[in-house]
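Novice: What follows is target.pdb, made up of PDB, C-alpha atoms:
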ATOM      1  CA  MET S   1     201.824   5.425  24.641
ATOM      2  CA  SER S   2     201.351   4.781  28.297
ATOM      3  CA  LEU S   3     198.567   2.336  29.131
ATOM      4  CA  SER S   4     198.291   3.160  32.825
ATOM      5  CA  ARG S   5     199.238   6.112  34.972
ATOM      6  CA  MET S   6     201.687   5.127  37.689
ATOM      7  CA  PRO S   7     201.994   7.005  40.996
ATOM      8  CA  ARG S   8     205.076   7.620  43.039
ATOM      9  CA  THR S   9     206.745   4.451  44.280
ATOM     10  CA  LEU S  10     207.466   4.506  48.006
ATOM     11  CA  GLY S  11     210.811   3.316  49.336
ATOM     12  CA  VAL S  12     211.625   2.006  52.781
ATOM     13  CA  GLY S  13     211.881   4.955  55.151
ATOM     14  CA  ALA S  14     209.935   7.300  52.855
ATOM     15  CA  ALA S  15     208.215  10.211  54.535
ATOM     16  CA  LEU S  16     204.720   9.536  55.819
ATOM     17  CA  ILE S  17     202.165  10.289  53.131
ATOM     18  CA  ALA S  18     200.024  13.312  53.887
ATOM     19  CA  LEU S  19     196.513  12.156  54.596
ATOM     20  CA  THR S  20     193.471  14.019  53.440
ATOM     21  CA  ALA S  21     189.831  13.501  54.105
ATOM     22  CA  ALA S  22     188.741  16.318  51.816
ATOM     23  CA  GLY S  23     185.190  15.883  50.652
ATOM     24  CA  CYS S  24     184.337  13.590  53.568
ATOM     25  CA  THR S  25     181.459  14.791  55.661
ATOM     26  CA  PRO S  26     180.634  13.853  59.235
ATOM     27  CA  ALA S  27     178.099  11.134  59.833
ATOM     28  CA  ASP S  28     174.495  12.257  60.072
ATOM     29  CA  ASP S  29     173.055  12.906  63.521
ATOM     30  CA  GLY S  30     172.328   9.607  65.195
ATOM     31  CA  GLU S  31     175.008   7.742  63.243
ATOM     32  CA  GLY S  32     177.236   7.205  66.265
ATOM     33  CA  ASP S  33     178.571   3.917  64.942
ATOM     34  CA  ALA S  34     180.458   5.733  62.185
ATOM     35  CA  ALA S  35     182.011   8.185  64.624
ATOM     36  CA  ASP S  36     183.146   5.344  66.924
ATOM     37  CA  TYR S  37     184.418   3.085  64.134
ATOM     38  CA  PRO S  38     185.950   0.597  64.492
ATOM     39  CA  THR S  39     184.547  -1.169  67.530
ATOM     40  CA  ASP S  40     184.097  -4.652  66.023
ATOM     41  CA  ASP S  41     186.604  -6.989  64.386
ATOM     42  CA  ILE S  42     187.170  -6.485  60.660
ATOM     43  CA  ARG S  43     187.167  -9.347  58.143
ATOM     44  CA  LEU S  44     189.604  -9.020  55.270
ATOM     45  CA  ILE S  45     188.324 -11.121  52.377
ATOM     46  CA  ILE S  46     191.043 -12.544  50.123
ATOM     47  CA  GLN S  47     190.010 -13.736  46.671
ATOM     48  CA  ALA S  48     192.741 -16.385  46.418
ATOM     49  CA  ASP S  49     193.985 -19.530  48.137
ATOM     50  CA  PRO S  50     196.424 -19.300  51.079
ATOM     51  CA  GLY S  51     200.091 -18.889  50.261
ATOM     52  CA  GLY S  52     199.912 -16.853  47.052
ATOM     53  CA  GLY S  53     200.824 -13.235  46.447
ATOM     54  CA  SER S  54     197.378 -11.818  47.214
ATOM     55  CA  ASP S  55     197.126 -13.828  50.414
ATOM     56  CA  LEU S  56     200.564 -12.894  51.706
ATOM     57  CA  SER S  57     200.195  -9.195  50.865
ATOM     58  CA  SER S  58     196.808  -9.152  52.592
ATOM     59  CA  ARG S  59     198.110 -10.798  55.730
ATOM     60  CA  ALA S  60     201.132  -8.487  55.893
ATOM     61  CA  LEU S  61     198.831  -5.473  55.740
ATOM     62  CA  ALA S  62     196.339  -6.956  58.200
ATOM     63  CA  THR S  63     199.061  -7.229  60.840
ATOM     64  CA  GLU S  64     199.770  -3.501  60.540
ATOM     65  CA  LEU S  65     196.089  -2.529  60.442
ATOM     66  CA  GLU S  66     195.437  -4.326  63.720
ATOM     67  CA  ASP S  67     197.964  -2.146  65.521
ATOM     68  CA  ILE S  68     196.668   1.030  63.880
ATOM     69  CA  LEU S  69     192.921   0.418  64.280
ATOM     70  CA  GLY S  70     193.026  -1.358  67.642
ATOM     71  CA  VAL S  71     190.766  -4.256  66.573
ATOM     72  CA  SER S  72     191.412  -7.671  65.069
ATOM     73  CA  VAL S  73     191.692  -7.721  61.280
ATOM     74  CA  ILE S  74     190.949 -11.307  60.327
ATOM     75  CA  PRO S  75     192.086 -12.595  56.909
ATOM     76  CA  GLU S  76     189.558 -14.927  55.304
ATOM     77  CA  ASN S  77     190.293 -16.756  52.048
ATOM     78  CA  MET S  78     187.385 -16.985  49.625
ATOM     79  CA  PRO S  79     188.780 -18.281  46.311
ATOM     80  CA  GLY S  80     186.791 -19.136  43.227
ATOM     81  CA  ALA S  81     185.787 -17.802  39.802
ATOM     82  CA  SER S  82     189.095 -15.929  39.461
ATOM     83  CA  GLY S  83     188.159 -13.772  42.439
ATOM     84  CA  ALA S  84     184.587 -12.947  41.464
ATOM     85  CA  ILE S  85     183.074 -14.899  44.380
ATOM     86  CA  ALA S  86     184.959 -12.828  46.947
ATOM     87  CA  MET S  87     184.356  -9.513  45.195
ATOM     88  CA  GLU S  88     180.631 -10.065  44.772
ATOM     89  CA  TYR S  89     180.457 -11.155  48.413
ATOM     90  CA  VAL S  90     182.044  -7.933  49.663
ATOM     91  CA  ALA S  91     179.671  -5.856  47.536
ATOM     92  CA  ASP S  92     176.684  -7.594  49.185
ATOM     93  CA  GLN S  93     177.732  -6.889  52.801
ATOM     94  CA  GLU S  94     176.436  -4.192  55.114
ATOM     95  CA  PRO S  95     178.224  -0.871  54.499
ATOM     96  CA  ASP S  96     179.575  -0.698  58.048
ATOM     97  CA  GLY S  97     183.296  -1.210  57.411
ATOM     98  CA  THR S  98     183.467  -4.598  59.106
ATOM     99  CA  VAL S  99     184.113  -6.387  55.795
ATOM    100  CA  ILE S 100     186.891  -5.217  53.513
ATOM    101  CA  GLY S 101     188.658  -6.989  50.665
ATOM    102  CA  PHE S 102     191.982  -7.256  48.915
ATOM    103  CA  GLY S 103     191.343  -6.075  45.374
ATOM    104  CA  PRO S 104     193.835  -7.319  42.778
ATOM    105  CA  VAL S 105     193.953  -6.064  39.213
ATOM    106  CA  GLU S 106     191.255  -8.609  38.315
ATOM    107  CA  ILE S 107     188.685  -6.399  40.048
ATOM    108  CA  ALA S 108     188.944  -4.206  36.936
ATOM    109  CA  MET S 109     188.866  -7.181  34.547
ATOM    110  CA  LEU S 110     186.289  -9.760  35.613
ATOM    111  CA  ASN S 111     183.232  -8.019  34.227
ATOM    112  CA  THR S 112     184.908  -8.020  30.817
ATOM    113  CA  THR S 113     186.490 -11.466  30.914
ATOM    114  CA  GLN S 114     183.758 -13.415  32.719
ATOM    115  CA  GLY S 115     180.669 -11.208  32.726
ATOM    116  CA  ALA S 116     180.839 -11.157  36.533
ATOM    117  CA  ASP S 117     178.909  -8.547  38.494
ATOM    118  CA  VAL S 118     182.164  -6.838  39.445
ATOM    119  CA  MET S 119     181.870  -3.178  38.498
ATOM    120  CA  PRO S 120     183.865  -0.239  39.920
ATOM    121  CA  GLU S 121     180.680   1.489  41.085
ATOM    122  CA  ASN S 122     179.922  -1.448  43.395
ATOM    123  CA  TYR S 123     182.854  -0.561  45.663
ATOM    124  CA  THR S 124     184.610   2.089  47.681
ATOM    125  CA  PHE S 125     188.316   1.862  46.854
ATOM    126  CA  VAL S 126     190.256   2.617  50.028
ATOM    127  CA  GLY S 127     193.851   2.638  48.775
ATOM    128  CA  GLN S 128     196.360   0.873  46.558
ATOM    129  CA  ILE S 129     199.043  -0.942  48.551
ATOM    130  CA  MET S 130     201.398  -2.699  46.104
ATOM    131  CA  LEU S 131     202.465  -3.297  42.538
ATOM    132  CA  ALA S 132     204.136  -6.264  40.850
ATOM    133  CA  PRO S 133     205.533  -4.687  37.662
ATOM    134  CA  GLY S 134     205.320  -6.753  34.517
ATOM    135  CA  VAL S 135     208.491  -8.005  32.854
ATOM    136  CA  ILE S 136     209.302  -9.751  29.587
ATOM    137  CA  SER S 137     211.641 -12.735  29.874
ATOM    138  CA  VAL S 138     213.292 -15.293  27.612
ATOM    139  CA  ALA S 139     215.413 -18.364  28.260
ATOM    140  CA  ALA S 140     218.972 -17.654  29.356
ATOM    141  CA  ASP S 141     220.288 -19.178  26.121
ATOM    142  CA  SER S 142     217.701 -17.501  23.881
ATOM    143  CA  GLU S 143     218.799 -15.962  20.599
ATOM    144  CA  TYR S 144     217.088 -12.750  21.737
ATOM    145  CA  GLU S 145     219.717 -10.732  23.558
ATOM    146  CA  THR S 146     217.668  -7.551  23.964
ATOM    147  CA  LEU S 147     214.033  -6.511  24.015
ATOM    148  CA  GLN S 148     214.582  -4.780  20.690
ATOM    149  CA  ASP S 149     215.704  -8.127  19.237
ATOM    150  CA  LEU S 150     212.473  -9.728  20.448
ATOM    151  CA  VAL S 151     210.337  -6.858  19.183
ATOM    152  CA  ASP S 152     212.029  -6.984  15.779
ATOM    153  CA  ALA S 153     211.291 -10.704  15.510
ATOM    154  CA  ALA S 154     207.685 -10.213  16.617
ATOM    155  CA  THR S 155     207.228  -7.412  14.106
ATOM    156  CA  ALA S 156     208.367  -9.663  11.280
ATOM    157  CA  GLY S 157     206.333 -12.681  12.416
ATOM    158  CA  GLU S 158     204.488 -14.380  15.255
ATOM    159  CA  VAL S 159     206.335 -14.999  18.539
ATOM    160  CA  SER S 160     204.864 -17.236  21.258
ATOM    161  CA  VAL S 161     204.617 -15.572  24.677
ATOM    162  CA  ALA S 162     203.480 -17.385  27.816
ATOM    163  CA  ASN S 163     201.190 -15.798  30.394
ATOM    164  CA  SER S 164     199.457 -16.795  33.621
ATOM    165  CA  GLY S 165     196.103 -17.664  32.044
ATOM    166  CA  ALA S 166     193.413 -16.600  29.598
ATOM    167  CA  GLY S 167     191.963 -13.262  30.674
ATOM    168  CA  SER S 168     194.833 -12.620  33.097
ATOM    169  CA  ILE S 169     196.703  -9.355  33.576
ATOM    170  CA  TRP S 170     199.699 -10.838  31.772
ATOM    171  CA  GLU S 171     197.634 -11.824  28.738
ATOM    172  CA  ALA S 172     196.317  -8.244  28.724
ATOM    173  CA  ALA S 173     199.885  -6.932  28.992
ATOM    174  CA  THR S 174     200.929  -9.052  26.015
ATOM    175  CA  LEU S 175     198.031  -7.754  23.921
ATOM    176  CA  GLY S 176     198.782  -4.229  25.121
ATOM    177  CA  MET S 177     202.333  -4.591  23.859
ATOM    178  CA  ASN S 178     200.966  -5.622  20.478
ATOM    179  CA  ASP S 179     198.702  -2.581  20.338
ATOM    180  CA  ALA S 180     201.400  -0.159  21.430
ATOM    181  CA  VAL S 181     204.419  -1.438  19.513
ATOM    182  CA  GLY S 182     202.916  -3.340  16.569
ATOM    183  CA  THR S 183     204.270  -6.736  17.568
ATOM    184  CA  GLN S 184     202.681 -10.090  16.805
ATOM    185  CA  PHE S 185     203.078 -11.690  20.211
ATOM    186  CA  ALA S 186     200.857 -14.793  20.360
ATOM    187  CA  PRO S 187     199.619 -15.292  23.965
ATOM    188  CA  VAL S 188     199.923 -18.833  25.332
ATOM    189  CA  ALA S 189     197.981 -19.446  28.552
ATOM    190  CA  TYR S 190     199.524 -21.392  31.446
ATOM    191  CA  ASP S 191     198.322 -22.109  34.961
ATOM    192  CA  GLY S 192     200.039 -19.279  36.814
ATOM    193  CA  GLY S 193     202.897 -16.875  36.295
ATOM    194  CA  ALA S 194     205.591 -19.170  37.665
ATOM    195  CA  THR S 195     204.580 -21.911  35.222
ATOM    196  CA  ALA S 196     204.588 -19.431  32.359
ATOM    197  CA  VAL S 197     208.133 -18.262  33.114
ATOM    198  CA  SER S 198     209.266 -21.890  33.453
ATOM    199  CA  ALA S 199     207.887 -22.546  29.968
ATOM    200  CA  ALA S 200     210.030 -19.718  28.602
ATOM    201  CA  ALA S 201     213.074 -20.934  30.528
ATOM    202  CA  SER S 202     212.748 -24.415  29.013
ATOM    203  CA  GLY S 203     212.248 -23.118  25.478
ATOM    204  CA  GLU S 204     208.682 -24.415  25.291
ATOM    205  CA  VAL S 205     207.701 -20.874  24.260
ATOM    206  CA  GLU S 206     209.896 -18.043  23.035
ATOM    207  CA  ALA S 207     209.154 -15.574  25.845
ATOM    208  CA  ALA S 208     206.960 -14.906  28.869
ATOM    209  CA  VAL S 209     205.221 -11.918  30.400
ATOM    210  CA  SER S 210     204.901 -12.165  34.179
ATOM    211  CA  GLY S 211     205.416 -10.333  37.422
ATOM    212  CA  ALA S 212     208.979  -9.365  38.236
ATOM    213  CA  GLY S 213     209.040 -11.626  41.298
ATOM    214  CA  GLU S 214     208.086 -14.677  39.258
ATOM    215  CA  ALA S 215     210.895 -14.025  36.790
ATOM    216  CA  LEU S 216     213.426 -13.325  39.527
ATOM    217  CA  ALA S 217     212.512 -16.640  41.165
ATOM    218  CA  GLN S 218     213.861 -18.458  38.072
ATOM    219  CA  GLY S 219     217.338 -17.073  38.732
ATOM    220  CA  ASP S 220     219.857 -17.649  35.954
ATOM    221  CA  ALA S 221     217.431 -19.782  33.950
ATOM    222  CA  VAL S 222     215.914 -16.713  32.298
ATOM    223  CA  ARG S 223     217.064 -13.394  30.869
ATOM    224  CA  VAL S 224     214.766 -10.474  31.648
ATOM    225  CA  LEU S 225     214.650  -8.147  28.656
ATOM    226  CA  GLY S 226     212.301  -5.366  29.688
ATOM    227  CA  VAL S 227     210.277  -3.908  32.548
ATOM    228  CA  MET S 228     206.677  -2.728  31.991
ATOM    229  CA  HIS S 229     206.930   0.182  34.403
ATOM    230  CA  ASP S 230     207.864   3.854  34.295
ATOM    231  CA  GLU S 231     211.210   3.152  35.938
ATOM    232  CA  ARG S 232     213.644   0.262  36.264
ATOM    233  CA  HIS S 233     213.043  -2.386  38.896
ATOM    234  CA  ARG S 234     215.343  -2.105  41.918
ATOM    235  CA  ASP S 235     216.260  -5.821  41.626
ATOM    236  CA  LEU S 236     216.910  -5.530  37.881
ATOM    237  CA  PRO S 237     218.926  -2.313  37.628
ATOM    238  CA  ASP S 238     220.513  -3.244  34.288
ATOM    239  CA  VAL S 239     217.216  -4.117  32.603
ATOM    240  CA  PRO S 240     215.640  -1.225  30.656
ATOM    241  CA  THR S 241     212.014  -0.242  30.735
ATOM    242  CA  VAL S 242     210.033  -0.905  27.577
ATOM    243  CA  GLU S 243     210.061   2.811  26.848
ATOM    244  CA  GLU S 244     213.826   3.043  27.229
ATOM    245  CA  GLU S 245     214.371   0.147  24.835
ATOM    246  CA  VAL S 246     211.763   0.667  22.099
ATOM    247  CA  GLY S 247     210.672   4.269  22.599
ATOM    248  CA  THR S 248     207.064   3.570  23.578
ATOM    249  CA  ALA S 249     205.808   3.450  27.167
ATOM    250  CA  VAL S 250     203.979   0.203  27.956
ATOM    251  CA  GLU S 251     203.109  -0.083  31.645
ATOM    252  CA  PHE S 252     201.273  -3.039  33.137
ATOM    253  CA  GLY S 253     201.421  -4.560  36.581
ATOM    254  CA  GLY S 254     199.729  -6.874  39.019
ATOM    255  CA  TRP S 255     198.530  -4.191  41.417
ATOM    256  CA  GLY S 256     196.499  -4.662  44.561
ATOM    257  CA  GLY S 257     194.645  -2.564  47.086
ATOM    258  CA  ILE S 258     191.944  -2.475  49.725
ATOM    259  CA  TYR S 259     188.284  -1.933  48.948
ATOM    260  CA  THR S 260     184.958  -2.224  50.724
ATOM    261  CA  GLN S 261     181.222  -2.005  50.074
ATOM    262  CA  GLY S 262     180.234   0.838  47.765
ATOM    263  CA  GLU S 263     177.812   2.640  50.086
ATOM    264  CA  VAL S 264     180.018   2.703  53.184
ATOM    265  CA  ASP S 265     179.734   5.810  55.356
ATOM    266  CA  GLU S 266     182.254   8.484  54.329
ATOM    267  CA  GLU S 267     183.616   8.779  57.865
ATOM    268  CA  ILE S 268     184.280   5.041  58.011
ATOM    269  CA  ALA S 269     185.912   5.181  54.581
ATOM    270  CA  ALA S 270     188.159   8.051  55.724
ATOM    271  CA  THR S 271     189.243   6.089  58.817
ATOM    272  CA  LEU S 272     190.107   3.058  56.675
ATOM    273  CA  GLU S 273     191.957   5.230  54.168
ATOM    274  CA  GLU S 274     194.091   6.807  56.886
ATOM    275  CA  ALA S 275     194.871   3.421  58.421
ATOM    276  CA  VAL S 276     195.894   1.880  55.085
ATOM    277  CA  ALA S 277     198.121   4.855  54.276
ATOM    278  CA  GLU S 278     199.855   4.490  57.633
ATOM    279  CA  ALA S 279     200.181   0.708  57.267
ATOM    280  CA  VAL S 280     201.965   0.827  53.900
ATOM    281  CA  GLU S 281     204.594   3.148  55.396
ATOM    282  CA  THR S 282     205.603   0.736  58.166
ATOM    283  CA  GLU S 283     209.063  -0.732  57.836
ATOM    284  CA  SER S 284     207.853  -4.303  58.285
ATOM    285  CA  TYR S 285     205.271  -4.013  55.504
ATOM    286  CA  GLN S 286     207.747  -2.434  53.119
ATOM    287  CA  ASP S 287     210.345  -5.085  53.956
ATOM    288  CA  PHE S 288     207.786  -7.790  53.177
ATOM    289  CA  GLN S 289     207.001  -6.394  49.740
ATOM    290  CA  GLU S 290     210.673  -5.835  48.935
ATOM    291  CA  ASN S 291     211.476  -9.453  49.804
ATOM    292  CA  ALA S 292     208.578 -10.567  47.589
ATOM    293  CA  GLY S 293     210.014  -8.671  44.607
ATOM    294  CA  ASN S 294     207.123  -6.190  44.600
ATOM    295  CA  LEU S 295     206.979  -2.422  44.900
ATOM    296  CA  VAL S 296     205.125  -0.489  47.592
ATOM    297  CA  VAL S 297     202.956   1.795  45.490
ATOM    298  CA  TYR S 298     200.322   3.825  47.312
ATOM    299  CA  ARG S 299     197.300   5.629  45.917
ATOM    300  CA  ASP S 300     194.771   7.272  48.209
ATOM    301  CA  SER S 301     191.062   6.546  47.909
ATOM    302  CA  GLU S 302     190.293   9.133  45.263
ATOM    303  CA  GLU S 303     193.355   8.304  43.171
ATOM    304  CA  PHE S 304     192.804   4.565  43.480
ATOM    305  CA  GLY S 305     189.148   4.819  42.466
ATOM    306  CA  SER S 306     190.025   6.870  39.377
ATOM    307  CA  PHE S 307     192.840   4.473  38.532
ATOM    308  CA  VAL S 308     190.517   1.444  38.724
ATOM    309  CA  ASP S 309     188.019   3.203  36.444
ATOM    310  CA  ASP S 310     190.778   3.830  33.901
ATOM    311  CA  GLU S 311     192.037   0.254  34.139
ATOM    312  CA  PHE S 312     188.477  -1.046  33.680
ATOM    313  CA  ASP S 313     188.197   0.916  30.412
ATOM    314  CA  THR S 314     191.651  -0.291  29.278
ATOM    315  CA  PHE S 315     190.822  -3.941  29.829
ATOM    316  CA  GLN S 316     187.466  -3.593  28.100
ATOM    317  CA  GLY S 317     189.359  -2.343  25.071
ATOM    318  CA  LEU S 318     191.985  -5.090  25.172
ATOM    319  CA  LEU S 319     189.939  -8.111  26.245
ATOM    320  CA  GLY S 320     186.337  -7.267  25.329
ATOM    321  CA  ASP S 321     184.504  -8.692  22.350
TER     322      ASP S 321
END
Could you spell out this file's structure in structure tokens?
Specialist:
Amino acid sequence: MSLSRMPRTLGVGAALIALTAAGCTPADDGEGDAADYPTDDIRLIIQADPGGGSDLSSRALATELEDILGVSVIPENMPGASGAIAMEYVADQEPDGTVIGFGPVEIAMLNTTQGADVMPENYTFVGQIMLAPGVISVAADSEYETLQDLVDAATAGEVSVANSGAGSIWEAATLGMNDAVGTQFAPVAYDGGATAVSAAASGEVEAAVSGAGEALAQGDAVRVLGVMHDERHRDLPDVPTVEEEVGTAVEFGGWGGIYTQGEVDEEIAATLEEAVAEAVETESYQDFQENAGNLVVYRDSEEFGSFVDDEFDTFQGLLGD
């Protein structure tokens, strides 16, 4: 079974995505600010520390948005509580489009994992901008030569699998694999995806589930056995998808997108949506994501909002009490 619906993946030089503002209505009479938007600088709230994947993706997009919108788009790091501090902050701002946020997959998880006031209905989801597909890796000298070998072992008994932390997307992906395939993968929490893959490379655990970029960064120290996506990763052309190898689609990834306050004016939301769609098609943004080992995956506002709702329900099922 497929645990998340994946949209088309955009390649460098892909045709510009058709933009639609269907269902958006003009601002009410007297709401001139919406019609003129943007006139003020825009703050882009990032839920993580500087230098990580969320931060770098946000800053790459902000550079493009500045040129498109004609105002400064100022990245502002607001880490803490696995992202909940930043997300709750954005929800509490005026709905005028001057505060937007980078929403990682945790925006669909934190209510379940931490009881945070982070609910899909609190936000307007502007557009998805990237995906870090999940992969399953083992040490280069592991006895498991293929994903089927690993699955067979984990069907017969427990197999330790590292992830980036309790309640993380990669713990959820590990549990999702168990549900879909009938394995007995035992999640082992580490402090970050890179640390988790290092643990697999050293033999401290038998395998790891992480983002593709984190596994690729280990080079020849690990063997990637499977990709949790609907197609093979461009940097791992010889590695099968989970569905190709075991016959069941299991798709998880560290996705990210742009969101803003839930009651923002529809005309402002449409302007942001159009700008984000244009930004993800720029060559420099696509080059950045390619170099980071990620995919440029775009969903428009309606698609992204529906996707987040579905992911929220999935994670409640996997990680809820």
Novice: Running the PyMOL selection byres ((chain S and resi 180-191) around 10) on this model by hand, what would come out? Give it as a PyMOL selection string.
Specialist: chain S and resi 1-3+150-168+170-179+192-199+205-209+242+246-250
Novice: Which one is closest to S:Met87: S:Ala139, S:Ala200, S:Ile258, S:Val280? Count all atoms listed in the file.
Specialist: S:Ile258
Novice: Can you list, as JSON, numbers by chain, every protein, DNA or RNA residue that comes within 10 Å of S:Gln114 when you count all atoms listed in the file, leaving out same-chain residues fewer than 6 positions away?
Specialist: {"S": [81, 82, 84, 167, 320]}
Novice: List, as a list in words, every residue that the PyMOL selection byres ((chain S and resi 108) around 8) selects in the file provided.
Specialist: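 That selection, the PyMOL selection byres ((chain S and resi 108) around 8), comes back as Val105, Glu106, Ile107, Met109, Leu110, Asn111, Val118, Met119, Pro120, Val308, Asp309, Glu311, Phe312 and Phe315 of chain S.
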Novice: State, in Å with one decimal place, the distance from atom CA of S:Ala201 to atom CA of S:Ala221.
Specialist: 5.7 Å
Novice: So which one's closest to S:Ser306, S:Leu216, S:Val126, S:Ile85, S:Ala270? Using all atoms listed in the file, please.
Specialist: S:Val126
